[in-house]
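Asks: You'll find data01.tsv just under this line, and it carries TSV, C-alpha atoms and all ligand atoms.
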```
chain	number	residue	atom	x	y	z
A	1	MET	CA	0.00	0.00	0.00
A	2	THR	CA	1.36	3.45	-0.82
A	3	GLU	CA	1.93	6.07	1.89
A	4	GLU	CA	-0.79	8.22	0.38
A	5	LYS	CA	-3.38	5.44	0.56
A	6	LYS	CA	-2.52	4.82	4.19
A	7	THR	CA	-3.15	8.43	5.28
A	8	GLU	CA	-6.38	8.46	3.33
A	9	GLN	CA	-7.67	5.69	5.52
A	10	LYS	CA	-7.17	7.49	8.80
A	11	PRO	CA	-10.34	9.06	10.18
A	12	ILE	CA	-10.59	12.74	9.29
A	13	ILE	CA	-10.47	15.72	11.63
A	14	LEU	CA	-11.45	19.23	10.62
A	15	SER	CA	-11.48	22.32	12.80
A	16	GLY	CA	-11.00	26.07	12.59
A	17	ILE	CA	-10.61	29.32	14.47
A	18	GLN	CA	-11.66	32.79	13.37
A	19	PRO	CA	-8.73	35.17	12.91
A	20	SER	CA	-10.79	37.96	14.43
A	21	GLY	CA	-8.82	38.72	17.58
A	22	GLU	CA	-5.81	37.39	19.37
A	23	LEU	CA	-5.29	33.67	19.81
A	24	MET	CA	-5.55	33.08	23.55
A	25	ILE	CA	-5.33	30.33	26.13
A	26	GLY	CA	-9.08	29.65	25.81
A	27	HIS	CA	-8.47	28.64	22.20
A	28	TYR	CA	-5.49	26.59	23.16
A	29	LEU	CA	-7.23	24.66	25.93
A	30	GLY	CA	-10.57	24.40	24.11
A	31	ALA	CA	-9.31	23.51	20.65
A	32	LEU	CA	-5.62	23.70	19.69
A	33	LYS	CA	-4.42	21.37	22.42
A	34	SER	CA	-6.65	18.56	21.15
A	35	TRP	CA	-5.61	19.30	17.57
A	36	VAL	CA	-1.98	18.80	18.53
A	37	SER	CA	-2.58	15.58	20.41
A	38	LEU	CA	-4.86	14.03	17.78
A	39	GLN	CA	-2.88	14.94	14.68
A	40	TYR	CA	-0.85	11.75	14.40
A	41	GLU	CA	-3.80	9.39	14.66
A	42	TYR	CA	-6.03	11.33	12.30
A	43	ASP	CA	-5.88	12.87	8.89
A	44	CYS	CA	-6.18	16.51	9.99
A	45	LEU	CA	-7.23	19.74	8.34
A	46	PHE	CA	-6.94	22.95	10.36
A	47	MET	CA	-8.35	26.16	8.96
A	48	LEU	CA	-8.28	29.84	9.60
A	49	VAL	CA	-11.87	30.84	8.99
A	50	ASP	CA	-11.42	34.34	7.60
A	51	MET	CA	-14.78	34.16	5.80
A	52	HIS	CA	-16.47	33.66	9.16
A	53	ALA	CA	-14.50	36.55	10.63
A	54	ILE	CA	-16.08	39.15	8.31
A	55	THR	CA	-19.54	38.54	9.81
A	56	VAL	CA	-18.25	41.17	12.23
A	57	ARG	CA	-16.51	44.27	10.80
A	58	GLN	CA	-12.75	43.78	10.53
A	59	ASN	CA	-9.94	46.15	9.75
A	60	PRO	CA	-8.65	44.67	6.43
A	61	ALA	CA	-4.94	45.23	7.11
A	62	GLU	CA	-5.23	43.73	10.59
A	63	LEU	CA	-7.21	40.74	9.35
A	64	ARG	CA	-4.54	40.03	6.74
A	65	LYS	CA	-1.72	40.31	9.26
A	66	ARG	CA	-3.55	38.17	11.80
A	67	CYS	CA	-3.94	35.35	9.30
A	68	TYR	CA	-0.16	35.09	9.03
A	69	ASP	CA	0.16	35.37	12.81
A	70	PHE	CA	-2.33	32.54	13.29
A	71	VAL	CA	-0.60	30.17	10.86
A	72	ALA	CA	2.69	30.78	12.68
A	73	LEU	CA	0.96	30.25	16.02
A	74	TYR	CA	-0.69	27.01	14.92
A	75	VAL	CA	2.76	25.70	14.09
A	76	ALA	CA	4.34	27.16	17.24
A	77	CYS	CA	1.69	25.39	19.34
A	78	GLY	CA	2.68	22.08	17.83
A	79	ILE	CA	0.68	21.57	14.65
A	80	ASP	CA	3.09	19.85	12.30
A	81	PRO	CA	2.57	21.17	8.76
A	82	GLU	CA	4.15	18.02	7.34
A	83	GLU	CA	1.51	15.96	9.08
A	84	SER	CA	-1.56	18.19	8.99
A	85	THR	CA	-3.08	20.47	6.37
A	86	ILE	CA	-3.18	24.11	7.47
A	87	PHE	CA	-5.15	26.39	5.18
A	88	ILE	CA	-7.02	29.67	4.86
A	89	GLN	CA	-10.74	29.26	4.20
A	90	SER	CA	-10.99	32.01	1.54
A	91	HIS	CA	-8.34	30.23	-0.57
A	92	VAL	CA	-10.79	27.40	-1.17
A	93	PRO	CA	-13.84	28.39	-3.27
A	94	SER	CA	-15.71	25.19	-2.36
A	95	HIS	CA	-16.66	26.61	1.05
A	96	ALA	CA	-18.81	29.37	-0.44
A	97	GLU	CA	-20.17	26.99	-3.09
A	98	LEU	CA	-21.33	24.29	-0.71
A	99	ALA	CA	-22.59	26.87	1.79
A	100	TRP	CA	-25.00	28.18	-0.85
A	101	VAL	CA	-26.42	24.74	-1.52
A	102	LEU	CA	-26.77	23.99	2.19
A	103	ASN	CA	-28.56	27.33	2.66
A	104	CYS	CA	-31.38	25.73	0.72
A	105	TYR	CA	-31.48	22.75	3.10
A	106	THR	CA	-31.52	24.66	6.39
A	107	TYR	CA	-34.60	26.16	8.00
A	108	MET	CA	-34.95	29.67	9.38
A	109	GLY	CA	-36.31	28.18	12.59
A	110	GLU	CA	-33.11	26.17	13.07
A	111	LEU	CA	-30.92	29.24	12.63
A	112	ASN	CA	-33.17	31.25	14.94
A	113	ARG	CA	-32.32	28.91	17.77
A	114	MET	CA	-28.55	29.45	17.57
A	115	THR	CA	-27.37	31.04	20.80
A	116	GLN	CA	-24.16	32.42	19.26
A	117	PHE	CA	-26.30	34.40	16.79
A	118	LYS	CA	-28.40	35.77	19.63
A	119	ASP	CA	-25.31	36.75	21.64
A	120	LYS	CA	-23.51	38.28	18.69
A	121	SER	CA	-26.52	40.22	17.50
A	122	LYS	CA	-26.83	41.78	20.93
A	123	LYS	CA	-23.15	42.65	20.91
A	124	HIS	CA	-23.15	44.00	17.35
A	125	HIS	CA	-26.66	45.42	17.26
A	126	THR	CA	-25.84	47.97	14.56
A	127	ASN	CA	-24.64	45.26	12.19
A	128	ILE	CA	-26.95	42.26	12.35
A	129	ASN	CA	-26.10	41.13	8.82
A	130	ALA	CA	-27.41	38.06	7.00
A	131	GLY	CA	-23.97	36.46	7.18
A	132	LEU	CA	-24.08	36.50	10.97
A	133	PHE	CA	-27.39	34.64	10.76
A	134	THR	CA	-26.33	32.04	8.17
A	135	TYR	CA	-22.84	31.57	9.64
A	136	PRO	CA	-23.61	28.06	10.99
A	137	ILE	CA	-24.35	26.95	7.42
A	138	LEU	CA	-20.90	28.04	6.29
A	139	MET	CA	-19.50	26.14	9.25
A	140	ALA	CA	-21.49	23.04	8.22
A	141	ALA	CA	-20.04	23.38	4.71
A	142	ASP	CA	-16.50	23.65	6.15
A	143	ILE	CA	-16.95	20.34	7.91
A	144	LEU	CA	-18.99	18.36	5.38
A	145	LEU	CA	-16.73	19.28	2.44
A	146	TYR	CA	-13.93	17.16	3.89
A	147	GLN	CA	-16.13	14.28	5.09
A	148	ALA	CA	-14.80	14.89	8.60
A	149	ASP	CA	-15.34	12.20	11.23
A	150	LEU	CA	-14.43	14.33	14.23
A	151	VAL	CA	-14.52	18.06	14.99
A	152	PRO	CA	-12.50	19.16	18.05
A	153	VAL	CA	-14.00	22.39	19.42
A	154	GLY	CA	-14.88	24.13	22.67
A	155	ALA	CA	-18.31	23.59	24.24
A	156	ASP	CA	-19.69	26.81	22.73
A	157	GLN	CA	-19.65	25.17	19.29
A	158	LYS	CA	-21.72	22.14	20.23
A	159	GLN	CA	-24.96	23.62	18.95
A	160	HIS	CA	-23.39	24.39	15.56
A	161	LEU	CA	-22.13	20.83	15.37
A	162	GLU	CA	-25.59	19.49	16.08
A	163	LEU	CA	-27.00	21.62	13.28
A	164	THR	CA	-24.27	20.35	10.94
A	165	ARG	CA	-25.29	16.78	11.74
A	166	GLU	CA	-28.94	17.65	11.14
A	167	ILE	CA	-28.22	19.21	7.72
A	168	ALA	CA	-25.98	16.29	6.68
A	169	GLY	CA	-28.63	13.76	7.69
A	170	ARG	CA	-31.35	15.67	5.85
A	171	PHE	CA	-29.32	15.85	2.64
A	172	ASN	CA	-28.31	12.19	2.85
A	173	GLU	CA	-31.91	11.17	3.31
A	174	ALA	CA	-33.05	13.14	0.28
A	175	TYR	CA	-30.23	12.17	-2.12
A	176	GLY	CA	-28.55	9.09	-0.71
A	177	GLU	CA	-25.29	8.87	1.24
A	178	THR	CA	-23.37	12.05	0.39
A	179	PHE	CA	-21.89	13.39	3.63
A	180	LYS	CA	-20.21	11.80	6.58
A	181	VAL	CA	-22.18	12.79	9.70
A	182	PRO	CA	-19.46	14.22	12.02
A	183	GLU	CA	-19.01	13.84	15.77
A	184	PRO	CA	-17.94	16.69	18.05
A	185	TYR	CA	-14.87	16.24	20.24
A	186	ILE	CA	-15.07	18.48	23.30
A	187	PRO	CA	-12.11	18.29	25.69
A	188	PRO	CA	-13.04	17.54	29.31
A	189	SER	CA	-11.18	20.29	31.17
A	190	GLY	CA	-10.69	23.02	28.57
A	191	ALA	CA	-14.21	22.93	27.15
A	192	ARG	CA	-15.09	26.35	28.51
A	193	ILE	CA	-12.38	28.58	29.91
A	194	MET	CA	-13.91	31.60	31.62
A	195	SER	CA	-12.93	35.26	31.69
A	196	LEU	CA	-10.32	36.17	34.30
A	197	GLN	CA	-12.32	39.27	35.19
A	198	ASP	CA	-15.83	37.79	35.14
A	199	PRO	CA	-15.73	34.04	35.71
A	200	THR	CA	-19.41	33.71	34.80
A	201	SER	CA	-18.73	34.57	31.16
A	202	LYS	CA	-16.58	32.82	28.57
A	203	MET	CA	-12.99	33.95	28.04
A	204	SER	CA	-13.23	35.75	24.73
A	205	LYS	CA	-10.69	37.31	22.40
A	206	SER	CA	-13.17	40.06	21.61
A	207	ASP	CA	-13.57	41.10	25.25
A	208	PRO	CA	-12.80	44.84	25.39
A	209	ASN	CA	-10.89	44.28	28.64
A	210	PRO	CA	-7.58	42.56	27.77
A	211	LYS	CA	-7.12	41.64	31.45
A	212	SER	CA	-9.89	39.10	30.98
A	213	TYR	CA	-7.85	36.84	28.72
A	214	ILE	CA	-4.27	35.72	28.19
A	215	SER	CA	-3.14	35.99	24.61
A	216	LEU	CA	-0.56	33.48	23.43
A	217	LEU	CA	1.53	36.49	22.50
A	218	ASP	CA	1.13	38.43	25.76
A	219	ASN	CA	4.24	39.92	27.28
A	220	LEU	CA	5.26	37.40	29.97
A	221	ASP	CA	5.15	39.89	32.86
A	222	GLU	CA	1.74	41.00	31.74
A	223	ALA	CA	0.52	37.40	31.63
A	224	ARG	CA	1.80	36.82	35.17
A	225	ASN	CA	-0.01	39.94	36.37
A	226	LYS	CA	-3.26	38.94	34.72
A	227	ILE	CA	-3.27	35.73	36.73
A	228	LYS	CA	-2.40	37.57	39.93
A	229	ARG	CA	-5.27	40.02	39.37
A	230	ALA	CA	-7.78	37.37	38.26
A	231	VAL	CA	-11.11	37.80	40.06
A	232	THR	CA	-11.62	35.19	42.78
A	233	ASP	CA	-13.76	35.07	45.93
A	234	SER	CA	-12.87	36.18	49.43
A	235	GLU	CA	-12.57	32.72	50.99
A	236	ALA	CA	-9.12	31.75	52.17
A	237	THR	CA	-8.81	28.13	51.03
A	238	VAL	CA	-7.94	26.59	47.67
A	239	ALA	CA	-10.61	24.03	46.77
A	240	TYR	CA	-12.31	22.93	43.56
A	241	ASP	CA	-15.90	24.02	43.89
A	242	GLU	CA	-18.13	25.09	40.98
A	243	SER	CA	-19.84	27.60	43.27
A	244	ARG	CA	-16.48	29.41	43.41
A	245	PRO	CA	-16.22	29.93	39.65
A	246	GLY	CA	-13.14	32.18	39.60
A	247	LEU	CA	-10.97	29.73	41.47
A	248	ALA	CA	-12.42	26.68	39.67
A	249	ASN	CA	-11.52	28.32	36.37
A	250	LEU	CA	-7.92	28.95	37.47
A	251	ILE	CA	-7.61	25.35	38.63
A	252	ARG	CA	-8.91	24.16	35.26
A	253	ILE	CA	-6.33	26.34	33.49
A	254	TYR	CA	-3.61	24.83	35.71
A	255	ASN	CA	-4.90	21.35	34.95
A	256	GLY	CA	-5.26	22.05	31.21
A	257	ILE	CA	-1.70	23.32	30.84
A	258	THR	CA	0.15	20.88	33.10
A	259	GLY	CA	-2.06	17.80	32.81
A	260	GLU	CA	-1.91	17.41	36.61
A	261	PRO	CA	-5.21	16.00	37.89
A	262	ILE	CA	-7.45	18.51	39.66
A	263	GLU	CA	-7.39	16.59	42.98
A	264	GLU	CA	-3.60	16.69	43.01
A	265	ILE	CA	-3.51	20.40	42.36
A	266	VAL	CA	-5.98	21.01	45.18
A	267	SER	CA	-4.12	18.83	47.66
A	268	LYS	CA	-0.84	20.56	46.80
A	269	TYR	CA	-2.32	23.84	48.01
A	270	GLU	CA	-4.11	22.51	51.06
A	271	GLY	CA	-3.50	24.83	53.97
A	272	LYS	CA	-1.91	27.40	51.67
A	273	GLY	CA	-3.61	30.51	50.42
A	274	TYR	CA	-4.59	31.98	47.08
A	275	ALA	CA	-1.46	34.06	46.81
A	276	GLU	CA	0.82	31.05	46.50
A	277	PHE	CA	-1.51	29.29	44.08
A	278	LYS	CA	-1.80	32.32	41.85
A	279	THR	CA	1.96	32.92	41.89
A	280	ASP	CA	2.61	29.32	40.87
A	281	LEU	CA	-0.08	29.39	38.18
A	282	GLY	CA	1.52	32.58	36.86
A	283	GLU	CA	4.77	30.64	36.44
A	284	VAL	CA	2.97	27.69	34.84
A	285	VAL	CA	1.43	30.05	32.30
A	286	VAL	CA	4.72	31.82	31.60
A	287	ASP	CA	6.61	28.53	31.17
A	288	PHE	CA	3.91	27.45	28.76
A	289	LEU	CA	3.95	30.68	26.73
A	290	ARG	CA	7.73	31.19	26.51
A	291	PRO	CA	8.62	28.36	24.07
A	292	ILE	CA	5.52	29.02	21.97
A	293	GLN	CA	6.50	32.67	21.60
A	294	GLU	CA	10.08	31.79	20.68
A	295	LYS	CA	8.99	29.33	18.04
A	296	TYR	CA	6.36	31.76	16.79
A	297	LYS	CA	8.93	34.49	16.26
A	298	ALA	CA	11.19	32.26	14.21
A	299	ILE	CA	8.38	31.09	11.92
A	300	ARG	CA	6.67	34.48	11.63
A	301	GLU	CA	9.88	36.07	10.41
A	302	ASP	CA	10.37	33.48	7.68
A	303	LYS	CA	7.83	34.56	5.09
A	304	LYS	CA	8.95	31.90	2.62
A	305	VAL	CA	8.26	29.04	5.02
A	306	LEU	CA	4.97	30.58	6.08
A	307	GLU	CA	3.78	31.05	2.50
A	308	GLY	CA	4.91	27.54	1.65
A	309	ILE	CA	2.68	26.11	4.39
A	310	ILE	CA	-0.29	28.21	3.28
A	311	GLN	CA	0.14	27.32	-0.39
A	312	LYS	CA	0.54	23.62	0.22
A	313	GLY	CA	-2.51	23.67	2.49
A	314	ALA	CA	-4.66	25.46	-0.07
A	315	GLU	CA	-3.74	23.01	-2.84
A	316	GLU	CA	-4.61	20.03	-0.71
A	317	ALA	CA	-7.87	21.53	0.55
A	318	ILE	CA	-8.96	22.60	-2.94
A	319	LYS	CA	-8.32	19.13	-4.30
A	320	ARG	CA	-10.18	17.33	-1.55
A	321	SER	CA	-13.14	19.66	-1.27
A	322	ARG	CA	-13.82	19.69	-5.04
A	323	ARG	CA	-14.80	16.03	-4.89
A	324	THR	CA	-17.61	16.77	-2.46
A	325	VAL	CA	-18.86	19.82	-4.37
A	326	SER	CA	-18.98	17.85	-7.65
A	327	LYS	CA	-20.90	15.09	-5.95
A	328	VAL	CA	-23.38	17.52	-4.40
A	329	TYR	CA	-23.91	19.49	-7.64
A	330	LYS	CA	-24.65	16.28	-9.46
A	331	LYS	CA	-27.08	15.09	-6.80
A	332	VAL	CA	-29.13	18.27	-6.78
A	333	GLY	CA	-29.42	18.20	-10.58
A	334	PHE	CA	-26.98	20.84	-11.84
A	335	VAL	CA	-25.80	20.30	-15.43
A	336	PRO	CA	-22.14	19.28	-15.38
A	337	PRO	CA	-19.78	21.86	-16.90
A	338	ILE	CA	-19.13	21.24	-20.61
A	339	ARG	CA	-15.45	20.51	-21.10
B	1	LIG	P1	-13.50	31.25	17.88
B	1	LIG	O1	-12.63	32.26	18.52
B	1	LIG	O2	-14.94	31.52	18.21
B	1	LIG	O3	-13.23	31.08	16.43
B	1	LIG	O4	-13.17	29.87	18.59
B	1	LIG	C1	-12.25	28.95	18.09
B	1	LIG	C2	-12.25	27.67	18.88
B	1	LIG	O5	-11.80	27.90	20.23
B	1	LIG	C3	-13.61	27.01	19.02
B	1	LIG	O6	-13.43	25.62	18.99
B	1	LIG	C4	-14.09	27.46	20.36
B	1	LIG	O7	-14.99	26.54	20.92
B	1	LIG	C5	-12.77	27.48	21.15
B	1	LIG	N1	-12.87	28.46	22.24
B	1	LIG	C6	-12.98	29.81	22.11
B	1	LIG	N2	-13.05	30.39	23.32
B	1	LIG	C7	-12.98	29.40	24.24
B	1	LIG	C8	-13.00	29.35	25.68
B	1	LIG	N3	-13.11	30.45	26.40
B	1	LIG	N4	-12.91	28.13	26.27
B	1	LIG	C9	-12.80	27.01	25.55
B	1	LIG	N5	-12.77	26.99	24.20
B	1	LIG	C10	-12.86	28.15	23.55
B	2	LIG	N1	-17.60	28.68	14.36
B	2	LIG	C1	-16.35	28.34	14.97
B	2	LIG	C2	-16.08	29.30	16.14
B	2	LIG	O1	-16.54	30.40	16.17
B	2	LIG	C3	-15.20	28.40	14.01
B	2	LIG	C4	-15.41	27.46	12.88
B	2	LIG	C5	-15.80	27.78	11.62
B	2	LIG	C6	-15.22	26.04	12.93
B	2	LIG	N2	-15.87	26.65	10.86
B	2	LIG	C7	-15.53	25.57	11.64
B	2	LIG	C8	-14.86	25.16	13.94
B	2	LIG	C9	-15.47	24.22	11.33
B	2	LIG	C10	-14.81	23.80	13.62
B	2	LIG	C11	-15.11	23.34	12.33
B	2	LIG	O2	-15.36	28.92	17.01
```
Once more with this new file: its structure as structure tokens, please.

Replies:
Amino acid sequence: MTEEKKTEQKPIILSGIQPSGELMIGHYLGALKSWVSLQYEYDCLFMLVDMHAITVRQNPAELRKRCYDFVALYVACGIDPEESTIFIQSHVPSHAELAWVLNCYTYMGELNRMTQFKDKSKKHHTNINAGLFTYPILMAADILLYQADLVPVGADQKQHLELTREIAGRFNEAYGETFKVPEPYIPPSGARIMSLQDPTSKMSKSDPNPKSYISLLDNLDEARNKIKRAVTDSEATVAYDESRPGLANLIRIYNGITGEPIEEIVSKYEGKGYAEFKTDLGEVVVDFLRPIQEKYKAIREDKKVLEGIIQKGAEEAIKRSRRTVSKVYKKVGFVPPIR
């Protein structure tokens, strides 16, 4: 069997992040960390979903720059471009093509139920555009184009994954087996990392208060300080208790980065106070960020390598996604192009 055939038989993973703010530890613990650990067992495709990003107004120059930053960060975090396909969504026309078809197989009522749409339309109430509403259909197209088996994401994406499964099932029922129905993969401890300033809301790259999140590119002293200043309660002990959300979140971050079980972390700090825990977590975070930032710098400065990764990724993604689009066009009754 050839090498190529062998990789084709591995189950397929597809995931993506919007280059619409800084990549932060919430992304790492919710998504990137699983990408890195699963990449050798699966045939992986990791995207930068720039087409999703423009559902909210973006500064064009910043968006462009951030795409390069993200590719370098994916690699710096441990995605091996020799092993996995890294690509930019807008380089692959199939995403827009399949999204249109799937628009016609998704109901308004389904989209109306999406909580991310509700949240984002509150946040961006002067720009509730149609793209923001149909965004989950583009996400379904992203996944179904590559016949993905597994989609590693944070818990906030579960509803979109369920809709994707619904649309795939509906299409398959109408036209016969066309799409693989994908499964979500939601990591146990990093599923939902909360804001450092308000532990009842999700850590978000678009939070106007940068103290609420730790960017992978934060200055190390700043990162340390953000942990020190993280909002916690006034009790003296370190214990894992969901009713103390600030502390529970910090313990989950500790656990997510080091892999140490939560019970061990808690027992290590028995009888000690918050101050010591926060100082140590600050060091854990800094030791985690330092090598990523060093690797990032080296890759980001080498435009040739960066462009090579992006080009190779686009070629692979275009090739693979075309097969699905052709199949879908045929099934719905479009006349094949005359060649
Ligand atoms: P986004 O920034 O919305 O494109 O998110 C990219 C990926 O990171 C998705 O899989 C999200 O579920 C995940 N993610 C984003 N924020 C968090 C968070 N605070 N905790 C866990 N996962 C997150
Ligand atoms: N909607 C996802 C988010 O906001 C990003 C995304 C777009 C995605 N397409 C995807 C994630 C396909 C996984 C698979 O986080």

Asks: Which residues are close to range 137-139 of chain A, i.e. within 8 Å by all atoms listed in the file, leaving aside same-chain residues fewer than 5 positions away? Reply as a ChimeraX atom specification.

Replies: /A:52,95-96,98-99,102-103,106,160,164

Asks: Of the candidates A:Ala61, A:Leu48, A:Ile299, A:Ala155, which shows the shortest atom-to-atom distance to Leu14 in chain A, using only C-alpha atoms?

Replies: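 Looking only at the distances to Leu14 in chain A, the closest residue turns out to be A:Leu48.
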
Asks: Give one line per residue of chain A that approaches ligand LIG 1 (chain B) to at most 9 Å, naming the two atoms of the closest pair and their distance in Å to one decimal, counting all atoms listed in the file; sort by chain then ascending residue number and deliver it as a tab-separated table.

Replies:
```
residue	atom	partner	partner_atom	distance
A:Ser15	CA	B:LIG1	O6	7.3
A:Gly16	CA	B:LIG1	C1	6.3
A:Ile17	CA	B:LIG1	O3	3.7
A:Gln18	CA	B:LIG1	O3	3.8
A:Pro19	CA	B:LIG1	O3	7.0
A:Ser20	CA	B:LIG1	O1	7.3
A:Gly21	CA	B:LIG1	O1	7.6
A:Glu22	CA	B:LIG1	O1	8.6
A:Leu23	CA	B:LIG1	O1	7.6
A:Met24	CA	B:LIG1	N2	8.0
A:Ile25	CA	B:LIG1	C8	7.7
A:Gly26	CA	B:LIG1	C8	3.9
A:His27	CA	B:LIG1	O5	3.9
A:Tyr28	CA	B:LIG1	O5	7.1
A:Leu29	CA	B:LIG1	C9	6.1
A:Gly30	CA	B:LIG1	N5	3.4
A:Ala31	CA	B:LIG1	O6	4.9
A:Leu32	CA	B:LIG1	O5	7.5
A:Leu48	CA	B:LIG1	O3	8.5
A:Val49	CA	B:LIG1	O3	7.6
A:His52	CA	B:LIG1	O3	8.4
A:Ala53	CA	B:LIG1	O3	8.1
A:Val151	CA	B:LIG1	O6	8.6
A:Pro152	CA	B:LIG1	O6	6.6
A:Val153	CA	B:LIG1	O6	3.3
A:Gly154	CA	B:LIG1	O7	3.0
A:Ala155	CA	B:LIG1	O7	5.5
A:Asp156	CA	B:LIG1	O7	5.0
A:Gln157	CA	B:LIG1	O7	5.1
A:Lys158	CA	B:LIG1	O7	8.1
A:Ile186	CA	B:LIG1	O7	8.4
A:Pro187	CA	B:LIG1	C9	8.7
A:Ser189	CA	B:LIG1	C9	8.9
A:Gly190	CA	B:LIG1	C9	5.4
A:Ala191	CA	B:LIG1	C9	4.6
A:Arg192	CA	B:LIG1	N4	3.6
A:Ile193	CA	B:LIG1	N4	3.7
A:Met194	CA	B:LIG1	N3	5.4
A:Ser195	CA	B:LIG1	N3	7.2
A:Ser201	CA	B:LIG1	N3	8.4
A:Lys202	CA	B:LIG1	N3	4.7
A:Met203	CA	B:LIG1	N3	3.9
A:Ser204	CA	B:LIG1	N2	5.5
A:Lys205	CA	B:LIG1	O1	6.7
A:Ser206	CA	B:LIG1	O1	8.4
A:Tyr213	CA	B:LIG1	N3	8.6
```

Asks: Taking into account all atoms listed in the file, which residue in the set A:Glu177, A:Glu110, A:Asp119, A:Glu62 is nearest to Val328 in chain A?

Replies: A:Glu177

Asks: Return as AutoDock Vina command-line options the centre and edge lengths, in Å with one decimal, of the box along x, y and z that encloses every atom of range 86-89 of chain A in the file, padded by 3 Å per side.

Replies:
```
--center_x -7.0 --center_y 26.9 --center_z 5.8 --size_x 13.6 --size_y 11.6 --size_z 9.3
```

Asks: Extract, using all atoms listed in the file, all DNA, RNA and protein residues at most 6 Å from range 266-279 of chain A, discarding same-chain residues fewer than 3 positions from it, and format them as a list in words.

Replies: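 Counting only the stated atoms, we get Lys228, Ala236, Thr237, Ala239, Glu263 and Gly282 of chain A.
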
Asks: Provide the CA of Gly78 in chain A to CA of Val36 in chain A distance in Å, to one decimal place.

Replies: 5.7 Å

Asks: Between A:Asp302, A:Glu183, A:Asp241, A:Glu283, which one has atoms that come closest to Lys226 in chain A, using only C-alpha atoms?

Replies: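 Using only C-alpha atoms, Lys226 in chain A sits closest to A:Glu283.
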
Asks: Separation of CA of Leu289 in chain A and CA of Ser37 in chain A, in Å?

Replies: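 The value is 17.6 Å.
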
Asks: As a PDB file, in the coordinates of the input, could you write out range 273-286 of chain A once it has been completed with N, CA and C atoms?

Replies:
```pdb
ATOM      1  N   GLY A 273      -2.606  29.540  50.860  1.00  0.00           N
ATOM      2  CA  GLY A 273      -3.610  30.510  50.420  1.00  0.00           C
ATOM      3  C   GLY A 273      -3.608  30.698  48.902  1.00  0.00           C
ATOM      4  N   TYR A 274      -4.472  31.604  48.480  1.00  0.00           N
ATOM      5  CA  TYR A 274      -4.590  31.980  47.080  1.00  0.00           C
ATOM      6  C   TYR A 274      -3.291  32.502  46.497  1.00  0.00           C
ATOM      7  N   ALA A 275      -2.608  33.333  47.338  1.00  0.00           N
ATOM      8  CA  ALA A 275      -1.460  34.060  46.810  1.00  0.00           C
ATOM      9  C   ALA A 275      -0.448  33.078  46.222  1.00  0.00           C
ATOM     10  N   GLU A 276      -0.173  32.022  46.955  1.00  0.00           N
ATOM     11  CA  GLU A 276       0.820  31.050  46.500  1.00  0.00           C
ATOM     12  C   GLU A 276       0.328  30.324  45.224  1.00  0.00           C
ATOM     13  N   PHE A 277      -0.947  29.964  45.257  1.00  0.00           N
ATOM     14  CA  PHE A 277      -1.510  29.290  44.080  1.00  0.00           C
ATOM     15  C   PHE A 277      -1.415  30.167  42.843  1.00  0.00           C
ATOM     16  N   LYS A 278      -1.807  31.420  43.013  1.00  0.00           N
ATOM     17  CA  LYS A 278      -1.800  32.320  41.850  1.00  0.00           C
ATOM     18  C   LYS A 278      -0.367  32.582  41.356  1.00  0.00           C
ATOM     19  N   THR A 279       0.568  32.706  42.304  1.00  0.00           N
ATOM     20  CA  THR A 279       1.960  32.920  41.890  1.00  0.00           C
ATOM     21  C   THR A 279       2.442  31.724  41.080  1.00  0.00           C
ATOM     22  N   ASP A 280       2.162  30.522  41.583  1.00  0.00           N
ATOM     23  CA  ASP A 280       2.610  29.320  40.870  1.00  0.00           C
ATOM     24  C   ASP A 280       1.922  29.188  39.503  1.00  0.00           C
ATOM     25  N   LEU A 281       0.628  29.478  39.470  1.00  0.00           N
ATOM     26  CA  LEU A 281      -0.080  29.390  38.180  1.00  0.00           C
ATOM     27  C   LEU A 281       0.513  30.397  37.197  1.00  0.00           C
ATOM     28  N   GLY A 282       0.868  31.580  37.714  1.00  0.00           N
ATOM     29  CA  GLY A 282       1.520  32.580  36.860  1.00  0.00           C
ATOM     30  C   GLY A 282       2.766  31.990  36.208  1.00  0.00           C
ATOM     31  N   GLU A 283       3.542  31.246  36.986  1.00  0.00           N
ATOM     32  CA  GLU A 283       4.770  30.640  36.440  1.00  0.00           C
ATOM     33  C   GLU A 283       4.438  29.526  35.447  1.00  0.00           C
ATOM     34  N   VAL A 284       3.408  28.754  35.768  1.00  0.00           N
ATOM     35  CA  VAL A 284       2.970  27.690  34.840  1.00  0.00           C
ATOM     36  C   VAL A 284       2.610  28.291  33.487  1.00  0.00           C
ATOM     37  N   VAL A 285       1.874  29.401  33.545  1.00  0.00           N
ATOM     38  CA  VAL A 285       1.430  30.050  32.300  1.00  0.00           C
ATOM     39  C   VAL A 285       2.646  30.593  31.534  1.00  0.00           C
ATOM     40  N   VAL A 286       3.546  31.237  32.255  1.00  0.00           N
ATOM     41  CA  VAL A 286       4.720  31.820  31.600  1.00  0.00           C
ATOM     42  C   VAL A 286       5.605  30.729  30.985  1.00  0.00           C
TER      43      VAL A 286
END
```
